[in-house]
Amino acid sequence: MFLKNCWYVAALDHELIDGKLLARTLLGENVLLYRGESGRVVAMNDRCPHRGALLSQGRLEGDGVRCMYHGIKYDGSGKCVQIPGQDMIPPKLKVHTYPAVERSHFIWVWLGEAAKADPALIIDLPYLSDPQWKGIPAYLHYDANYLLIVDNLSDFSHLAFVHTKTLGGSEEYAFVTKPTVVERLERGFRVERWHLDSAPPPFHKKVIRDKTGKVDRRNIATMVIPGIFTMETLFAAAGQGAQQGNVAGAMEYRNCQFMTPESESSTHFFWSYLNNFEGQDSTISRSLLDSLIEGFMEDKQIIERQQKTLEQDPGFQMLAILADAPLAHFRRVLGKLIDAEQTCAPAEPRAAAAAAATAAAG
Amino acid sequence: MFLKNCWYVAALDHELIDGKLLARTLLGENVLLYRGESGRVVAMNDRCPHRGALLSQGRLEGDGVRCMYHGIKYDGSGKCVQIPGQDMIPPKLKVHTYPAVERSHFIWVWLGEAAKADPALIIDLPYLSDPQWKGIPAYLHYDANYLLIVDNLSDFSHLAFVHTKTLGGSEEYAFVTKPTVVERLERGFRVERWHLDSAPPPFHKKVIRDKTGKVDRRNIATMVIPGIFTMETLFAAAGQGAQQGNVAGAMEYRNCQFMTPESESSTHFFWSYLNNFEGQDSTISRSLLDSLIEGFMEDKQIIERQQKTLEQDPGFQMLAILADAPLAHFRRVLGKLIDAEQTCAPAEPRAAAAAAATAAAG
Amino acid sequence: MFLKNCWYVAALDHELIDGKLLARTLLGENVLLYRGESGRVVAMNDRCPHRGALLSQGRLEGDGVRCMYHGIKYDGSGKCVQIPGQDMIPPKLKVHTYPAVERSHFIWVWLGEAAKADPALIIDLPYLSDPQWKGIPAYLHYDANYLLIVDNLSDFSHLAFVHTKTLGGSEEYAFVTKPTVVERLERGFRVERWHLDSAPPPFHKKVIRDKTGKVDRRNIATMVIPGIFTMETLFAAAGQGAQQGNVAGAMEYRNCQFMTPESESSTHFFWSYLNNFEGQDSTISRSLLDSLIEGFMEDKQIIERQQKTLEQDPGFQMLAILADAPLAHFRRVLGKLIDAEQTCAPAEPRAAAAAAATAAAG
């Protein structure tokens with residue numbers, strides 16, 4: 001069961017270069033994505049209504065696509081415009097299309113009711129298009145339900161154990177730090193956590209000059225519906241008083257992660273990890289890309305096995321600890337939205353999105 | 001759901017040389033096929049009734065087979081003739097056998113009621129045993145329901161798009177030609193189509209000397225129950241009036257294809273593609289074999305994906321175009337025969353087969 | 001459906017060296033096996049009750065294990081002893097453990113009611129710890145229900161056909177020998193069979209000096225609940241009167257095999273094949289290990305295919321021959337025990353085990 005009336009990241013813009021017909025399953029639906037010759041991005045059901053052949057095995061023509069089984073051609077709105085050897089086109093012969101929007105290297109698609117697909121509802125992440133912030137957008141496929149990845153990102157203590165030698169740095173992180181702030185948002189949550197006077201974690205140490213100095217680290221993470229995670233990370237020299245506001249010389253990261261369900265048991269995972277200190281050379285971005293993939297692979301190993309375990313015993317009830325408060329809140333909020341959508345209550349996604357920016361008491 | 005009271009191609013004769021015990025699933029039943037030492041072909045359920053071991057893992061002895069688990073031996077009629085260490089043979093200990101007939105390099109098996117298995121019902125394709133016609137019988141496995149392959153062969157317009165560079169030749173074929181004749185038969189259909197004054201398609205061009213001259217091409221295809229496709233193809237020099245009857249110097253092909261269900265989602269696909277102009281050298285047959293495999297692989301890529309798409313959404317309703325009339329007729333006729341068989345109405349396959357030779361109005 | 005209130009072999013002791021966290025599914029339950037730092041063997045449900053991560057992906061600490069997702073630590077009794085960043089431990093946060101006993105290189109686990117897990121119920125096989133008997137304990141995985149392996153071991157005639165060139169020696173074994181004794185036991189059966197004046201079978205011939213002399217071979221096999229097979233094999237020079245009691249110079253083997261269900265369709269198969277004539281060199285044991293694996297692979301090929309055949313047609317009724325009497329008895333006895341366990345009748349496994357040593361009339 002997925003929330004359908006919202007925007008999901010469906011692809012990265014570079015995946016559609018050179019007329020690529022990209023087949024991607026989103027929320028259980030087979031979707032064909034491509035950039036038409038006019039430059040417009042099209043998202044269309046990936047099935048020819050004639051005999052069920054894949055349109056992604058077809059051929060791009062203008063902003064449309066021709067099924068290469070019997071040659072039937074559809075325009076970018078999914079309307080059939082040609083049947084070889086037949087003049088009359090049956091009105092029913094059309095392909096469902098989905099609203100699609102391109103924004104800062106990401107392609108967003110709306111799989112619910114098209115009438116509600118307001119582009120203004122797409123989350124605004126200004127650093128994705130700010131030249132001061134450098135990063136390389138990337139993709140991973142997970143054989144796990146997307147909420148298990150949401151869970152993973154909701155509790156920083158996993159950094160200490162899963163990512164000790166990559167993104168975390170030490171197990172101390174789990175024992176000596178606690179969230180400074182946990183805010184419940186109308187459509188998600190916000191968590192802030194400081195780790196003072198520690199060695200820089202491996203991914204960061206690799207890209208800085210001072211390998212020995214201690215640092216103060218601040219993570220501010222936000223998770224919003226349907227599965228959009230952003231984290232603002234700051235490293236300042238230990239002792240200079242960053243927590244009190246002196247962030248002179250701080251090095252910062254902006255992590256943007258997008259979980260899009262492929263099916264109930266698999267997920268498209270897109271991200272861009274940006275930094276503000278790189279300059280013109282991309283060495284640091286490439287190192288960070290490697291570090292992130294290294295860390296995500298550690299998550300993947302645990303989460304994909306977790307998925308199998310849950311599938312084996314659907315009756316298993318997880319047991320919450322205190323650190324699970326944010327993820328429990330997120331699942332509750334999401335559950336309510338899905339219920340509302342399923343019962344056809346008049347949803348007002350636009351107003352809700354605006355309200356989400358206002359944090360409710362934690 | 002399959003039609004059981006009819007003959008299906010089960011194997012090619014060369015698959016049974018040297019005492020091979022061939023395990024092949026036909027219509028969902030595990031069948032053991034072999035040639036006994038007397039030369040007789042046997043088709044037998046591939047399961048020892050004792051403990052369920054595969055008889056195809058056994059040993060050929062005379063016209064019978066010995067299960068190599070506990071050594072129980074069955075003769076060519078499936079009767080148990082020896083139990084090591086035991087004198088009395090329980091009458092129930094026997095294996096079901098199926099009527100099997102060898103005809104022009106193909107092994108035909110009847111999986112329905114044995115009493116109705118009249119060899120005279122096997123379709124007569126004289127060129128399969130005529131030395132004037134040369135060809136190499138071959139086999140492919142499809143991960144798709146056999147009716148999707150029947151569909152494929154029912155509409156020539158796919159030649160233009162799927163096989164542009166192999167069996168088709170140009171997309172023009174779909175746009176400028178239409179079936180000249182579409183006949184509905186009692187057990188199938190017959191389609192005739194001319195393509196005049198065109199470049200020879202690649203598979204044909206490879207095996208002829210005149211690579212530049214234009215040709216007139218005539219295809220006459222017949223599909224009959226349960227899934228037997230034959231196509232008579234003629235190429236004559238463009239302009240000599242082939243369509244009006246002057247076929248002097250024409251080069252002809254006979255295509256025989258046999259679709260036998262392995263399961264609801266997979267098919268044994270046998271064929272022989274014969275030509276009448278090769279002489280004693282088999283270079284042309286070998287080139288045509290390669291060309292056909294090349295073309296069938298193009299079909300396979302589309303059809304196997306189509307199978308997956310249909311499995312994902314069993315509620316999907318295909319939308320017919322005009323060119324689907326023959327396949328719709330075929331499915332209707334087949335459906336009626338299966339219904340009749342299921343409801344135990346007294347089927348008279350022999351009479352029906354004879355009637356099928358008489359074409360009904362299209 | 002498995003019998004749960006009994007001991008099953010879960011692992012070999014060498015599988016747990018060096019702190020290995022061994023994940024093994026037993027009777028459908030995911031079990032973590034390890035040797036704690038005190039030397040004690042622990043069997044624990046392999047799932048962290050917090051979020052379902054695998055404990056076998058965790059870290060051994062003392063006699064306990066730490067989940068390496070969020071760092072929660074459990075002691076060897078499954079009790080949670082630490083949650084990083086949280087002082088209060090919820091009483092429900094604990095992992096189920098299973099009684100585990102180490103005995104002569106084998107690790108035994110009890111998956112039923114812990115209160116009934118009396119170590120005295122573990123079958124006593126003295127040669128497993130007797131230095132006079134040499135052998136190399138080993139493991140194979142089967143994609144088949146364990147009862148199909150029990151069946152296999154219940155009828156020696158399969159030696160003649162499946163293992164002609166490895167463990168059997170000749171097909172004559174099936175035709176000229178019959179069980180001398182078949183005893184029905186309360187929890188299994190005992191079969192004795194002599195084969196006189198024959199060539200030594202290949203596995204034995206490889207490890208003896210006299211390759212030409214004929215031998216008298218005696219096999220005494222015992223199968224007991226839940227799936228424990230032992231076979232005492234004796235080879236004496238043909239004609240010296242071994243069957244009459246003169247076993248001077250006989251060479252003997254002790255075969256111990258343990259079938260533990262992994263799932264309804266797969267099995268852990270442990271064994272040790274011991275001999276009493278090797279001396280200090282282990283060349284003979286290693287040759288016998290190879291021979292046994294060679295033979296078991298022959299069984300595996302048949303049995304795993306048999307499993308598939310049975311899965312394809314759950315309605316298939318096997319047809320018994322006389323040689324199936326022992327296995328039919330075993331399945332009957334096991335069925336009654338499982339029924340009794342399922343209906344919660346007060347089982348008295350200890351008394352039953354003692355009774356099993358007393359053979360009932362065959």
# chains A, B, ... in the order shown; residues from 1 in each chain; ligands from 1
call {"tool": "interface_residues", "arguments": {"of": "chain A", "to": "chain B", "cutoff": "7 Å", "atoms": "only C-alpha atoms", "output": "PyMOL selection string"}}
result
chain A and resi 49-54+68-71+84-85+93
call {"tool": "write_last_selection", "arguments": {"atoms": "N, CA, C and O atoms", "output": "compact mmCIF listing (two decimals), in the first residue's frame"}}
result
# COMPACT_ATOMS: atom_id res chain seq x y z
N PRO A 49 -1.37 -1.01 -25.33
CA PRO A 49 -2.70 -1.54 -25.05
C PRO A 49 -3.18 -2.53 -26.10
O PRO A 49 -4.18 -3.20 -25.88
N HIS A 50 -2.46 -2.63 -27.20
CA HIS A 50 -2.87 -3.57 -28.24
C HIS A 50 -2.67 -5.02 -27.77
O HIS A 50 -3.60 -5.72 -27.46
N ARG A 51 -1.40 -5.45 -27.63
CA ARG A 51 -1.14 -6.84 -27.22
C ARG A 51 -0.27 -6.92 -25.98
O ARG A 51 0.23 -8.00 -25.63
N GLY A 52 0.00 -5.81 -25.32
CA GLY A 52 0.76 -5.86 -24.08
C GLY A 52 2.27 -5.87 -24.26
O GLY A 52 3.00 -6.16 -23.31
N ALA A 53 2.76 -5.56 -25.45
CA ALA A 53 4.22 -5.48 -25.62
C ALA A 53 4.75 -4.27 -24.84
O ALA A 53 4.03 -3.32 -24.56
N LEU A 54 6.01 -4.32 -24.48
CA LEU A 54 6.64 -3.21 -23.76
C LEU A 54 6.89 -2.05 -24.69
O LEU A 54 7.56 -2.21 -25.71
N MET A 68 7.30 -1.36 -31.24
CA MET A 68 7.98 -2.05 -32.33
C MET A 68 7.54 -3.50 -32.48
O MET A 68 8.27 -4.31 -33.04
N TYR A 69 6.33 -3.82 -31.98
CA TYR A 69 5.79 -5.14 -32.28
C TYR A 69 4.97 -5.04 -33.58
O TYR A 69 5.34 -5.61 -34.59
N HIS A 70 3.90 -4.24 -33.55
CA HIS A 70 3.11 -4.09 -34.78
C HIS A 70 3.10 -2.66 -35.30
O HIS A 70 2.32 -2.32 -36.18
N GLY A 71 3.97 -1.82 -34.74
CA GLY A 71 4.17 -0.50 -35.32
C GLY A 71 3.19 0.57 -34.89
O GLY A 71 3.17 1.66 -35.48
N PRO A 84 -0.30 1.02 -38.47
CA PRO A 84 0.07 0.66 -39.85
C PRO A 84 -0.98 -0.25 -40.49
O PRO A 84 -1.41 -1.24 -39.87
N GLY A 85 -1.42 0.11 -41.66
CA GLY A 85 -2.38 -0.72 -42.39
C GLY A 85 -3.82 -0.53 -41.97
O GLY A 85 -4.69 -1.29 -42.38
N LEU A 93 -7.80 3.06 -27.76
CA LEU A 93 -6.41 2.67 -27.92
C LEU A 93 -5.49 3.83 -27.50
O LEU A 93 -5.02 4.61 -28.33
call {"tool": "residues_around", "arguments": {"residues": "B:Gly239", "least_positions_apart": "2", "cutoff": "9 Å", "atoms": "only C-alpha atoms", "output": "list in words"}}
result
Leu196, Asp197, Lys214, Val215, Asp216, Ala236, Ala237, Gly241 and Ala242 of chain B
call {"tool": "closest_residue", "arguments": {"among": "B:Arg331, B:Arg47, B:Arg66, B:His105", "to": "B:Phe270", "atoms": "only C-alpha atoms"}}
result
B:His105
call {"tool": "residues_around", "arguments": {"residues": "C:Ile220", "least_positions_apart": "4", "cutoff": "7 Å", "atoms": "only C-alpha atoms", "output": "number ranges by chain"}}
result
C: 191-193, 231-233
call {"tool": "residues_around", "arguments": {"residues": "stretch 124-135 of chain B", "least_positions_apart": "2", "cutoff": "10 Å", "atoms": "only C-alpha atoms", "output": "PyMOL selection string"}}
result
chain B and resi 103-106+120-122+137-138+230+252-256+271-282+284-286+288-289
call {"tool": "residues_around", "arguments": {"residues": "C:Cys67", "least_positions_apart": "3", "cutoff": "7 Å", "atoms": "only C-alpha atoms", "output": "list in words"}}
result
Cys48, Leu55, Gly58, Arg59, His70, Gly71, Ile72 and Lys73 of chain C
call {"tool": "residues_around", "arguments": {"residues": "B:Leu334", "least_positions_apart": "2", "cutoff": "10 Å", "atoms": "only C-alpha atoms", "output": "NGL selection string"}}
result
:B and (2-3 or 186-188 or 224-227 or 328-332 or 336-340)
call {"tool": "write_last_selection", "arguments": {"atoms": "N, CA, C and O atoms", "output": "mmCIF file, in the first residue's frame"}}
result
data_model
loop_
_atom_site.group_PDB
_atom_site.id
_atom_site.type_symbol
_atom_site.label_atom_id
_atom_site.label_comp_id
_atom_site.auth_asym_id
_atom_site.auth_seq_id
_atom_site.Cartn_x
_atom_site.Cartn_y
_atom_site.Cartn_z
ATOM 1 N N PHE B 2 -5.440 -26.804 -21.829
ATOM 2 C CA PHE B 2 -4.978 -27.166 -23.172
ATOM 3 C C PHE B 2 -5.968 -28.122 -23.844
ATOM 4 O O PHE B 2 -6.694 -28.857 -23.172
ATOM 5 N N LEU B 3 -5.930 -28.149 -25.146
ATOM 6 C CA LEU B 3 -6.661 -29.155 -25.892
ATOM 7 C C LEU B 3 -5.837 -30.431 -25.825
ATOM 8 O O LEU B 3 -4.663 -30.442 -26.212
ATOM 9 N N GLU B 186 -12.329 -24.105 -40.225
ATOM 10 C CA GLU B 186 -13.025 -24.658 -39.074
ATOM 11 C C GLU B 186 -12.067 -24.847 -37.900
ATOM 12 O O GLU B 186 -12.477 -24.780 -36.746
ATOM 13 N N ARG B 187 -10.815 -25.112 -38.196
ATOM 14 C CA ARG B 187 -9.834 -25.317 -37.122
ATOM 15 C C ARG B 187 -8.655 -24.357 -37.246
ATOM 16 O O ARG B 187 -7.547 -24.695 -36.833
ATOM 17 N N GLY B 188 -8.891 -23.176 -37.830
ATOM 18 C CA GLY B 188 -7.788 -22.233 -37.939
ATOM 19 C C GLY B 188 -8.073 -21.124 -38.924
ATOM 20 O O GLY B 188 -9.221 -20.678 -39.061
ATOM 21 N N VAL B 224 -3.372 -23.985 -37.929
ATOM 22 C CA VAL B 224 -4.448 -24.897 -37.497
ATOM 23 C C VAL B 224 -4.190 -25.400 -36.078
ATOM 24 O O VAL B 224 -3.068 -25.365 -35.564
ATOM 25 N N ILE B 225 -5.281 -25.833 -35.477
ATOM 26 C CA ILE B 225 -5.283 -26.424 -34.134
ATOM 27 C C ILE B 225 -4.292 -27.588 -34.073
ATOM 28 O O ILE B 225 -4.275 -28.364 -35.019
ATOM 29 N N PRO B 226 -3.514 -27.759 -33.001
ATOM 30 C CA PRO B 226 -3.516 -26.926 -31.791
ATOM 31 C C PRO B 226 -2.584 -25.719 -31.898
ATOM 32 O O PRO B 226 -2.822 -24.750 -31.193
ATOM 33 N N GLY B 227 -1.602 -25.752 -32.807
ATOM 34 C CA GLY B 227 -0.706 -24.609 -32.968
ATOM 35 C C GLY B 227 0.306 -24.964 -34.048
ATOM 36 O O GLY B 227 1.498 -25.041 -33.811
ATOM 37 N N ALA B 328 -8.031 -13.736 -33.423
ATOM 38 C CA ALA B 328 -9.243 -13.771 -32.605
ATOM 39 C C ALA B 328 -10.081 -14.983 -32.995
ATOM 40 O O ALA B 328 -10.618 -15.695 -32.142
ATOM 41 N N HIS B 329 -10.159 -15.236 -34.309
ATOM 42 C CA HIS B 329 -10.899 -16.411 -34.776
ATOM 43 C C HIS B 329 -10.259 -17.699 -34.252
ATOM 44 O O HIS B 329 -10.951 -18.603 -33.770
ATOM 45 N N PHE B 330 -8.941 -17.758 -34.318
ATOM 46 C CA PHE B 330 -8.241 -18.958 -33.851
ATOM 47 C C PHE B 330 -8.509 -19.216 -32.379
ATOM 48 O O PHE B 330 -8.800 -20.333 -31.963
ATOM 49 N N ARG B 331 -8.438 -18.179 -31.568
ATOM 50 C CA ARG B 331 -8.663 -18.347 -30.133
ATOM 51 C C ARG B 331 -10.107 -18.769 -29.847
ATOM 52 O O ARG B 331 -10.361 -19.524 -28.914
ATOM 53 N N ARG B 332 -11.033 -18.266 -30.658
ATOM 54 C CA ARG B 332 -12.433 -18.618 -30.481
ATOM 55 C C ARG B 332 -12.639 -20.099 -30.775
ATOM 56 O O ARG B 332 -13.252 -20.829 -29.999
ATOM 57 N N LYS B 336 -13.618 -23.090 -28.058
ATOM 58 C CA LYS B 336 -14.796 -23.961 -28.175
ATOM 59 C C LYS B 336 -14.405 -25.424 -28.074
ATOM 60 O O LYS B 336 -15.079 -26.224 -27.425
ATOM 61 N N LEU B 337 -13.302 -25.783 -28.720
ATOM 62 C CA LEU B 337 -12.868 -27.182 -28.691
ATOM 63 C C LEU B 337 -12.479 -27.595 -27.271
ATOM 64 O O LEU B 337 -12.778 -28.697 -26.820
ATOM 65 N N ILE B 338 -11.790 -26.698 -26.574
ATOM 66 C CA ILE B 338 -11.391 -27.014 -25.201
ATOM 67 C C ILE B 338 -12.630 -27.142 -24.327
ATOM 68 O O ILE B 338 -12.758 -28.085 -23.545
ATOM 69 N N ASP B 339 -13.573 -26.226 -24.491
ATOM 70 C CA ASP B 339 -14.811 -26.305 -23.713
ATOM 71 C C ASP B 339 -15.516 -27.638 -23.951
ATOM 72 O O ASP B 339 -15.966 -28.302 -23.012
ATOM 73 N N ALA B 340 -15.603 -28.012 -25.217
ATOM 74 C CA ALA B 340 -16.295 -29.255 -25.569
ATOM 75 C C ALA B 340 -15.588 -30.441 -24.911
ATOM 76 O O ALA B 340 -16.225 -31.340 -24.371
#
call {"tool": "atom_distance", "arguments": {"atom1": "atom CA of B:Asn45", "atom2": "atom CA of B:Glu311"}}
result
28.7 Å
call {"tool": "select_by_dssp", "arguments": {"residues": "stretch 224-326 of chain A", "states": "alpha helix (DSSP H)", "output": "ChimeraX atom specification"}}
result
/A:283-312,325-326
call {"tool": "residues_around", "arguments": {"residues": "B:Glu29", "least_positions_apart": "3", "cutoff": "10 Å", "atoms": "only C-alpha atoms", "output": "PyMOL selection string"}}
result
(chain B and resi 24-26+32+45-46+111+262-263) or (chain C and resi 312-313)
call {"tool": "select_by_dssp", "arguments": {"residues": "stretch 198-254 of chain A", "states": "strand (DSSP E)", "output": "JSON, numbers by chain"}}
result
{"A": [198, 215, 216, 217, 218, 219, 220, 221, 222, 223, 224, 228, 229, 230, 231, 232, 233, 234, 235, 236, 237, 251, 252, 253, 254]}
call {"tool": "atom_distance", "arguments": {"atom1": "atom CA of C:Thr283", "atom2": "atom CA of C:His268"}}
result
26.3 Å
